[in-house]
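What follows is the content of final.cif (mmCIF, C-alpha atoms).
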data_query
#
loop_
_atom_site.label_atom_id
_atom_site.label_comp_id
_atom_site.auth_asym_id
_atom_site.auth_seq_id
_atom_site.Cartn_x
_atom_site.Cartn_y
_atom_site.Cartn_z
CA MET A 1 2.68 -46.52 19.77
CA HIS A 2 -0.84 -47.96 19.95
CA ALA A 3 -2.56 -48.70 23.27
CA PHE A 4 -2.08 -52.40 22.47
CA GLY A 5 1.68 -51.96 21.98
CA PRO A 6 3.85 -51.38 18.91
CA VAL A 7 2.15 -51.54 15.52
CA ILE A 8 4.07 -53.09 12.62
CA ASP A 9 2.96 -53.19 9.00
CA ALA A 10 4.51 -56.61 8.35
CA HIS A 11 4.06 -56.61 4.58
CA GLN A 12 4.61 -53.68 2.24
CA HIS A 13 6.45 -53.12 -1.02
CA PHE A 14 8.25 -50.48 -3.07
CA TRP A 15 8.94 -50.71 -6.79
CA ASP A 16 9.92 -48.68 -9.83
CA PRO A 17 8.71 -50.17 -13.13
CA SER A 18 11.01 -47.87 -15.11
CA THR A 19 13.86 -50.19 -14.13
CA GLY A 20 12.22 -52.97 -16.15
CA GLY A 21 12.53 -55.38 -13.27
CA TYR A 22 8.83 -55.99 -12.58
CA PRO A 23 7.31 -57.75 -15.60
CA TRP A 24 4.32 -58.94 -13.58
CA LEU A 25 3.15 -55.33 -13.19
CA ALA A 26 2.08 -55.29 -16.84
CA ARG A 27 -0.74 -57.68 -15.89
CA GLU A 28 -1.95 -55.45 -13.04
CA PRO A 29 -4.32 -52.45 -13.01
CA GLU A 30 -2.85 -49.18 -14.21
CA SER A 31 -3.27 -47.67 -10.75
CA ILE A 32 -0.20 -49.53 -9.51
CA GLN A 33 1.86 -49.45 -12.71
CA ARG A 34 4.01 -46.62 -11.40
CA ALA A 35 6.83 -46.11 -8.94
CA PHE A 36 6.00 -46.28 -5.22
CA ASP A 37 8.49 -45.28 -2.55
CA TYR A 38 8.63 -44.19 1.06
CA ALA A 39 7.23 -40.72 0.39
CA ASP A 40 4.01 -42.35 -0.82
CA LEU A 41 3.77 -44.60 2.23
CA ALA A 42 4.73 -42.20 5.03
CA PRO A 43 1.35 -40.40 5.38
CA HIS A 44 -0.43 -43.72 5.88
CA LEU A 45 2.01 -44.84 8.56
CA ALA A 46 1.47 -41.57 10.40
CA ALA A 47 -2.31 -41.81 10.12
CA TYR A 48 -2.39 -45.22 11.79
CA GLY A 49 0.38 -44.65 14.31
CA ILE A 50 2.45 -47.42 12.76
CA ASP A 51 5.84 -47.78 14.41
CA GLY A 52 7.62 -49.62 11.62
CA THR A 53 7.29 -51.85 8.58
CA VAL A 54 8.67 -54.97 6.98
CA LEU A 55 9.61 -54.29 3.36
CA VAL A 56 9.10 -57.37 1.17
CA GLN A 57 10.61 -58.21 -2.21
CA SER A 58 8.46 -57.80 -5.30
CA ALA A 59 10.88 -59.10 -7.93
CA ASP A 60 13.14 -62.14 -8.08
CA SER A 61 16.28 -60.08 -8.56
CA ASP A 62 19.27 -58.80 -6.64
CA GLU A 63 18.49 -55.33 -7.96
CA ASP A 64 15.11 -55.22 -6.24
CA THR A 65 16.65 -56.42 -2.98
CA ASP A 66 19.44 -53.85 -3.17
CA ALA A 67 16.88 -51.10 -3.85
CA MET A 68 14.96 -52.14 -0.73
CA PHE A 69 18.07 -51.91 1.41
CA ALA A 70 18.74 -48.44 0.01
CA GLN A 71 15.25 -47.39 1.12
CA ALA A 72 15.76 -48.99 4.53
CA ALA A 73 19.06 -47.16 5.01
CA ALA A 74 17.28 -43.85 4.43
CA HIS A 75 14.20 -44.57 6.55
CA PRO A 76 14.55 -46.09 10.05
CA GLU A 77 10.81 -46.85 10.05
CA ILE A 78 11.66 -49.80 7.79
CA LEU A 79 12.60 -52.29 10.49
CA GLY A 80 13.15 -55.35 8.30
CA VAL A 81 13.77 -56.36 4.69
CA VAL A 82 12.60 -59.68 3.21
CA GLY A 83 14.86 -60.08 0.20
CA TYR A 84 15.56 -62.58 -2.55
CA VAL A 85 18.11 -65.26 -3.29
CA PRO A 86 17.84 -67.73 -6.20
CA LEU A 87 16.85 -70.84 -4.28
CA GLU A 88 17.06 -72.95 -7.44
CA GLN A 89 20.77 -72.02 -7.75
CA PRO A 90 22.06 -73.12 -4.34
CA ALA A 91 25.69 -72.16 -4.89
CA ARG A 92 24.78 -68.62 -5.94
CA ALA A 93 22.09 -68.48 -3.26
CA GLU A 94 24.66 -69.31 -0.59
CA ARG A 95 27.03 -66.55 -1.73
CA ARG A 96 24.25 -63.98 -1.83
CA LEU A 97 22.78 -65.14 1.47
CA GLN A 98 26.15 -64.72 3.19
CA GLU A 99 26.23 -61.15 1.91
CA LEU A 100 22.69 -60.40 3.04
CA LEU A 101 23.31 -61.85 6.49
CA GLY A 102 25.82 -59.08 7.02
CA ARG A 103 23.31 -56.34 6.24
CA GLU A 104 21.44 -54.47 8.93
CA ARG A 105 17.69 -55.22 8.96
CA PHE A 106 17.85 -58.32 6.77
CA VAL A 107 15.10 -60.56 8.16
CA GLY A 108 13.95 -63.09 5.55
CA ILE A 109 13.79 -64.45 2.01
CA ARG A 110 10.95 -64.73 -0.47
CA ASN A 111 10.68 -66.00 -4.05
CA LEU A 112 7.73 -65.29 -6.35
CA ILE A 113 6.82 -68.96 -6.60
CA HIS A 114 3.34 -68.09 -7.90
CA ASP A 115 4.94 -66.68 -11.07
CA GLN A 116 6.66 -69.99 -11.80
CA PRO A 117 4.97 -72.02 -14.59
CA ASP A 118 5.37 -75.15 -12.46
CA PRO A 119 3.11 -75.05 -9.39
CA ASP A 120 5.42 -77.64 -7.82
CA TRP A 121 8.55 -75.53 -8.30
CA LEU A 122 9.09 -75.50 -4.55
CA LEU A 123 9.45 -79.31 -4.55
CA ARG A 124 12.44 -79.37 -6.92
CA ALA A 125 15.67 -80.90 -5.64
CA ASP A 126 17.73 -77.80 -6.43
CA VAL A 127 15.22 -75.58 -4.63
CA ALA A 128 15.40 -77.92 -1.64
CA GLU A 129 19.13 -77.19 -1.40
CA GLY A 130 18.33 -73.50 -1.31
CA LEU A 131 15.68 -73.97 1.37
CA ALA A 132 18.14 -75.99 3.43
CA LEU A 133 20.44 -72.95 3.44
CA LEU A 134 17.66 -70.82 4.92
CA GLU A 135 17.01 -73.44 7.57
CA ALA A 136 20.70 -73.72 8.46
CA HIS A 137 21.04 -69.96 8.86
CA GLN A 138 17.68 -69.57 10.66
CA VAL A 139 16.33 -67.25 7.97
CA PRO A 140 12.51 -67.15 7.72
CA PHE A 141 10.95 -68.01 4.35
CA ASP A 142 7.94 -66.01 3.17
CA LEU A 143 5.65 -68.33 1.21
CA VAL A 144 3.42 -66.87 -1.50
CA ALA A 145 0.48 -69.28 -1.46
CA VAL A 146 -1.88 -68.24 -4.24
CA LEU A 147 -3.00 -71.68 -5.44
CA PRO A 148 -4.27 -74.41 -3.11
CA ARG A 149 -1.30 -76.44 -4.33
CA HIS A 150 1.06 -73.85 -2.87
CA LEU A 151 -0.55 -74.22 0.53
CA GLU A 152 -0.31 -78.00 0.26
CA HIS A 153 3.47 -77.55 0.08
CA VAL A 154 3.59 -76.41 3.71
CA ALA A 155 3.34 -80.04 4.82
CA TYR A 156 6.41 -80.84 2.71
CA LEU A 157 8.32 -77.87 4.10
CA SER A 158 7.42 -78.85 7.65
CA GLU A 159 8.61 -82.42 7.16
CA GLN A 160 11.77 -81.76 5.16
CA PHE A 161 12.88 -78.60 6.96
CA PRO A 162 11.62 -78.92 10.54
CA ASN A 163 13.67 -75.96 11.78
CA LEU A 164 12.63 -73.58 8.99
CA THR A 165 10.28 -70.76 9.93
CA VAL A 166 7.64 -70.43 7.20
CA VAL A 167 5.60 -67.24 6.91
CA ILE A 168 2.43 -67.70 4.84
CA ASP A 169 1.68 -64.44 3.05
CA HIS A 170 -1.86 -63.04 2.91
CA LEU A 171 -3.45 -65.99 4.77
CA ALA A 172 -3.01 -67.89 1.49
CA LYS A 173 -5.72 -65.76 -0.14
CA PRO A 174 -9.01 -66.90 1.42
CA PRO A 175 -12.00 -66.82 -0.97
CA ILE A 176 -13.54 -63.68 0.53
CA GLY A 177 -16.94 -62.80 -0.87
CA THR A 178 -17.71 -66.32 -2.06
CA PRO A 179 -19.86 -68.99 -0.41
CA ARG A 180 -17.06 -71.56 -0.36
CA SER A 181 -14.46 -72.03 2.35
CA GLU A 182 -12.78 -75.19 1.07
CA PRO A 183 -10.10 -76.21 0.38
CA TRP A 184 -8.71 -73.08 2.06
CA THR A 185 -10.00 -73.96 5.54
CA SER A 186 -8.65 -77.50 5.62
CA LEU A 187 -5.32 -76.60 4.05
CA LEU A 188 -4.69 -73.65 6.37
CA ARG A 189 -5.64 -75.74 9.41
CA ASP A 190 -3.19 -78.42 8.32
CA ALA A 191 -0.45 -75.85 7.73
CA ALA A 192 -0.92 -74.50 11.23
CA ASP A 193 -0.11 -77.92 12.74
CA ASN A 194 3.58 -76.96 12.54
CA PRO A 195 4.37 -74.46 15.33
CA ARG A 196 7.12 -72.92 13.17
CA VAL A 197 4.55 -71.80 10.58
CA VAL A 198 3.13 -68.32 11.00
CA ALA A 199 0.85 -66.29 8.75
CA LYS A 200 0.17 -62.73 7.69
CA VAL A 201 -3.28 -61.21 7.98
CA SER A 202 -2.67 -59.14 4.88
CA GLY A 203 -3.79 -58.86 1.27
CA LEU A 204 -7.36 -59.76 2.25
CA TYR A 205 -9.51 -58.58 -0.66
CA ALA A 206 -12.69 -59.74 -2.35
CA ALA A 207 -11.80 -62.87 -4.32
CA THR A 208 -14.12 -62.17 -7.26
CA GLY A 209 -15.17 -59.03 -9.10
CA ASP A 210 -14.05 -55.74 -7.57
CA PRO A 211 -11.27 -56.46 -5.05
CA ALA A 212 -12.50 -53.47 -3.02
CA ALA A 213 -15.96 -55.04 -2.61
CA PHE A 214 -15.46 -56.06 1.01
CA THR A 215 -16.15 -54.74 4.50
CA ALA A 216 -14.62 -55.43 7.87
CA ASP A 217 -17.53 -57.78 8.50
CA ASP A 218 -16.58 -59.74 5.38
CA LEU A 219 -13.04 -60.20 6.65
CA ALA A 220 -14.02 -61.12 10.20
CA PRO A 221 -14.90 -64.84 9.73
CA TRP A 222 -11.67 -65.52 7.81
CA ILE A 223 -9.58 -63.83 10.48
CA ALA A 224 -11.52 -65.77 13.12
CA SER A 225 -10.61 -69.03 11.39
CA ALA A 226 -6.95 -68.02 11.25
CA LEU A 227 -7.03 -67.26 14.97
CA GLU A 228 -8.59 -70.64 15.65
CA PHE A 229 -5.82 -72.41 13.72
CA PHE A 230 -2.75 -70.36 14.64
CA GLY A 231 -3.61 -68.38 17.75
CA PRO A 232 -2.57 -64.72 18.02
CA SER A 233 1.12 -65.42 18.64
CA ARG A 234 1.54 -66.80 15.10
CA LEU A 235 -0.37 -64.13 13.18
CA MET A 236 0.73 -60.65 12.09
CA VAL A 237 -1.01 -57.86 10.20
CA GLY A 238 0.21 -56.23 7.02
CA SER A 239 -1.12 -53.83 4.40
CA ASP A 240 0.20 -55.42 1.18
CA TRP A 241 0.60 -51.82 0.01
CA PRO A 242 0.76 -50.66 -2.77
CA VAL A 243 -1.11 -53.71 -4.10
CA ALA A 244 -3.74 -52.50 -1.62
CA VAL A 245 -4.37 -49.56 -3.95
CA VAL A 246 -6.41 -51.82 -6.25
CA ALA A 247 -8.57 -52.85 -3.27
CA GLY A 248 -9.49 -49.36 -2.16
CA GLY A 249 -6.20 -48.08 -0.81
CA TYR A 250 -4.14 -48.32 2.36
CA ASP A 251 -6.77 -46.77 4.60
CA ARG A 252 -9.54 -49.08 3.46
CA VAL A 253 -7.48 -52.27 3.59
CA MET A 254 -5.44 -51.71 6.74
CA GLY A 255 -8.31 -49.92 8.45
CA ALA A 256 -10.62 -52.90 8.00
CA VAL A 257 -8.02 -55.37 9.31
CA ILE A 258 -7.22 -53.21 12.34
CA GLU A 259 -10.94 -52.79 13.07
CA VAL A 260 -11.45 -56.56 13.19
CA VAL A 261 -8.28 -57.27 15.15
CA THR A 262 -8.66 -54.60 17.82
CA ALA A 263 -12.20 -55.76 18.58
CA TYR A 264 -10.68 -58.89 20.16
CA GLY A 265 -8.91 -56.85 22.83
CA PRO A 266 -5.26 -56.60 23.85
CA GLU A 267 -4.45 -60.32 24.22
CA VAL A 268 -5.16 -60.84 20.54
CA ALA A 269 -4.51 -57.39 19.12
CA GLY A 270 -1.10 -56.98 20.76
CA PRO A 271 0.53 -59.95 18.99
CA LEU A 272 -1.23 -59.39 15.67
CA LEU A 273 -0.50 -55.68 15.50
CA GLY A 274 3.18 -55.99 16.33
CA GLY A 275 4.33 -58.66 18.73
CA THR A 276 4.35 -61.56 16.28
CA ALA A 277 6.22 -59.64 13.59
CA ILE A 278 8.83 -58.51 16.10
CA ALA A 279 9.34 -62.07 17.37
CA THR A 280 9.27 -63.79 13.97
CA TYR A 281 11.60 -61.43 12.15
CA GLY A 282 13.70 -60.33 15.12
CA LEU A 283 12.83 -56.68 14.62
CA THR A 284 14.32 -53.90 16.74
CA LEU A 285 12.16 -50.83 17.18
CA SER A 286 15.11 -48.63 18.10
CA VAL A 287 16.86 -49.05 14.71
CA THR A 288 18.18 -45.75 13.43
CA ALA A 289 19.35 -44.79 9.98
#
Would you mind writing the structure in this file as structure tokens?
Amino acid sequence: MHAFGPVIDAHQHFWDPSTGGYPWLAREPESIQRAFDYADLAPHLAAYGIDGTVLVQSADSDEDTDAMFAQAAAHPEILGVVGYVPLEQPARAERRLQELLGRERFVGIRNLIHDQPDPDWLLRADVAEGLALLEAHQVPFDLVAVLPRHLEHVAYLSEQFPNLTVVIDHLAKPPIGTPRSEPWTSLLRDAADNPRVVAKVSGLYAATGDPAAFTADDLAPWIASALEFFGPSRLMVGSDWPVAVVAGGYDRVMGAVIEVVTAYGPEVAGPLLGGTAIATYGLTLSVTA
């Protein structure tokens, strides 16, 4: 455990492309077009004294979710699993959600909305029925906000589902390494108006050119803005591993984030490094396999 308290990697993935369940990987660099599992991650967790992780879905399929739970059952360091249900099929989503609610370490739901051809997929009436299920069962929803339009949807979620906890992944991809800060700044500030919206300080890479072309100093102003909008109790750190491989690897990505966060001292670092993830997802550090 870190001097600032428990450290949680609140956003990491596993996948095996040989199963054919990850078509998006074909568009990614070859360095991540292979299987990644706990054996690949474990040395990094040890190096940073990380007490546990949140394993997040990387395919809109039951198979991917089931594979994550199999990994979690074998490795108590995986404290939570953010799985998938088909929100656009509310009847099937309800059946699957009831099943997942009975599984140890189930903590949330995510859909790959950024892979949908319609940027307004989240606004569909059938999807709204699925989101209402999450709200009713107090299941957090991880929001992949890649386009500005995705971040605009937070206002809709806040109004239509006032008791739904929304977790914005990767700070909605700030334009790191570019001279512009809008519309990201305004949209993230607006999203933070809802106290049930939290965000992950994860996946922070250079927005143009080489994704590894960043330093801790480059990340610092974007993290400072997030702290201004959300405060430390609604922010959590994550590696976005193994996507982080394309941005220099776990050590470079997580190391830079931890460097920036710990410089603020314990009142900020404690929540970001672990406290917010534990509170948001209801994690238990004493989970055993």
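Proximity of A:Ala191, A:Ala26, A:Leu204, A:Ile78 to Arg234 in chain A, computed with all atoms listed in the file, is greatest for A:Ala191.
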- Find the residues near Leu79 in chain A: any atom within 9 Å, counting all atoms listed in the file, skip ones fewer than 3 places away on the same chain, and give them as a VMD selection string. chain A and resid 8 52 to 55 72 75 to 76 105 to 107 283 to 287
Output for the residues just chosen: C-alpha atoms as a short mmCIF file (atom, residue, chain, number, x, y, z; two decimals), in the frame of the given file:
data_model
loop_
_atom_site.label_atom_id
_atom_site.label_comp_id
_atom_site.auth_asym_id
_atom_site.auth_seq_id
_atom_site.Cartn_x
_atom_site.Cartn_y
_atom_site.Cartn_z
CA ILE A 8 4.07 -53.09 12.62
CA GLY A 52 7.62 -49.62 11.62
CA THR A 53 7.29 -51.85 8.58
CA VAL A 54 8.67 -54.97 6.98
CA LEU A 55 9.61 -54.29 3.36
CA ALA A 72 15.76 -48.99 4.53
CA HIS A 75 14.20 -44.57 6.55
CA PRO A 76 14.55 -46.09 10.05
CA ARG A 105 17.69 -55.22 8.96
CA PHE A 106 17.85 -58.32 6.77
CA VAL A 107 15.10 -60.56 8.16
CA LEU A 283 12.83 -56.68 14.62
CA THR A 284 14.32 -53.90 16.74
CA LEU A 285 12.16 -50.83 17.18
CA SER A 286 15.11 -48.63 18.10
CA VAL A 287 16.86 -49.05 14.71
#
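The residue that comes closest to Ala206 in chain A, out of A:Pro232, A:Gly177, A:Pro271, A:Pro17 and on the basis of all atoms listed in the file, is A:Gly177.
Residues captured in this structure file are Met1, Pro6, Val7, Ile8, Gly49, Ile50, Gly52 and Glu77 of chain A, according to the PyMOL selection byres ((chain A and resi 51) around 7).
Closest approach to Gly270 in chain A among A:Asn111, A:Asn163, A:Thr208, A:Ser233: A:Ser233, based on all atoms listed in the file.
CA of Ala35 in chain A lies 20.0 Å from CA of Gly238 in chain A.
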- Of the residues A:Ala93, A:Leu235, A:Leu272, A:Val146, which is the one nearest to Asp62 in chain A, using only C-alpha atoms? A:Ala93
- When the PyMOL selection byres ((chain A and resi 14) around 12) is applied to the file above, which residues end up in the set, as a PyMOL selection string? chain A and resi 11-13+15-17+22+32-41+53-59+64-72+78+81-82+240-243
Evaluate the PyMOL selection byres ((chain A and resi 236) around 12) and record the selected residues as a compact mmCIF listing (two decimals) with C-alpha atoms, in the frame of the given file, following the chain and residue labels used in the document.
# COMPACT_ATOMS: atom_id res chain seq x y z
CA PRO A 6 3.85 -51.38 18.91
CA VAL A 7 2.15 -51.54 15.52
CA ILE A 8 4.07 -53.09 12.62
CA ASP A 9 2.96 -53.19 9.00
CA ALA A 10 4.51 -56.61 8.35
CA HIS A 11 4.06 -56.61 4.58
CA THR A 53 7.29 -51.85 8.58
CA VAL A 54 8.67 -54.97 6.98
CA VAL A 167 5.60 -67.24 6.91
CA ILE A 168 2.43 -67.70 4.84
CA ASP A 169 1.68 -64.44 3.05
CA HIS A 170 -1.86 -63.04 2.91
CA LEU A 171 -3.45 -65.99 4.77
CA VAL A 197 4.55 -71.80 10.58
CA VAL A 198 3.13 -68.32 11.00
CA ALA A 199 0.85 -66.29 8.75
CA LYS A 200 0.17 -62.73 7.69
CA VAL A 201 -3.28 -61.21 7.98
CA SER A 202 -2.67 -59.14 4.88
CA GLY A 203 -3.79 -58.86 1.27
CA ILE A 223 -9.58 -63.83 10.48
CA ALA A 226 -6.95 -68.02 11.25
CA LEU A 227 -7.03 -67.26 14.97
CA PHE A 230 -2.75 -70.36 14.64
CA GLY A 231 -3.61 -68.38 17.75
CA PRO A 232 -2.57 -64.72 18.02
CA SER A 233 1.12 -65.42 18.64
CA ARG A 234 1.54 -66.80 15.10
CA LEU A 235 -0.37 -64.13 13.18
CA VAL A 237 -1.01 -57.86 10.20
CA GLY A 238 0.21 -56.23 7.02
CA SER A 239 -1.12 -53.83 4.40
CA VAL A 257 -8.02 -55.37 9.31
CA ILE A 258 -7.22 -53.21 12.34
CA VAL A 261 -8.28 -57.27 15.15
CA VAL A 268 -5.16 -60.84 20.54
CA ALA A 269 -4.51 -57.39 19.12
CA GLY A 270 -1.10 -56.98 20.76
CA PRO A 271 0.53 -59.95 18.99
CA LEU A 272 -1.23 -59.39 15.67
CA LEU A 273 -0.50 -55.68 15.50
CA GLY A 274 3.18 -55.99 16.33
CA GLY A 275 4.33 -58.66 18.73
CA THR A 276 4.35 -61.56 16.28
CA ALA A 277 6.22 -59.64 13.59
CA ILE A 278 8.83 -58.51 16.10
CA ALA A 279 9.34 -62.07 17.37
CA THR A 280 9.27 -63.79 13.97
CA TYR A 281 11.60 -61.43 12.15
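With distances taken from (-15.2, -53.5, 8.6) and restricted to only C-alpha atoms, the residues inside 9 Å are Phe214, Thr215, Ala216, Asp217, Asp218, Leu219, Ala220, Arg252, Gly255, Ala256, Val257, Ile258, Glu259 and Val260 of chain A.
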- Item | For Pro162 in chain A: contacts at 10 Å, all atoms listed in the file, fewer than 5 positions along chain excluded, given as a PyMOL selection string | chain A and resi 135+156-157+194-196
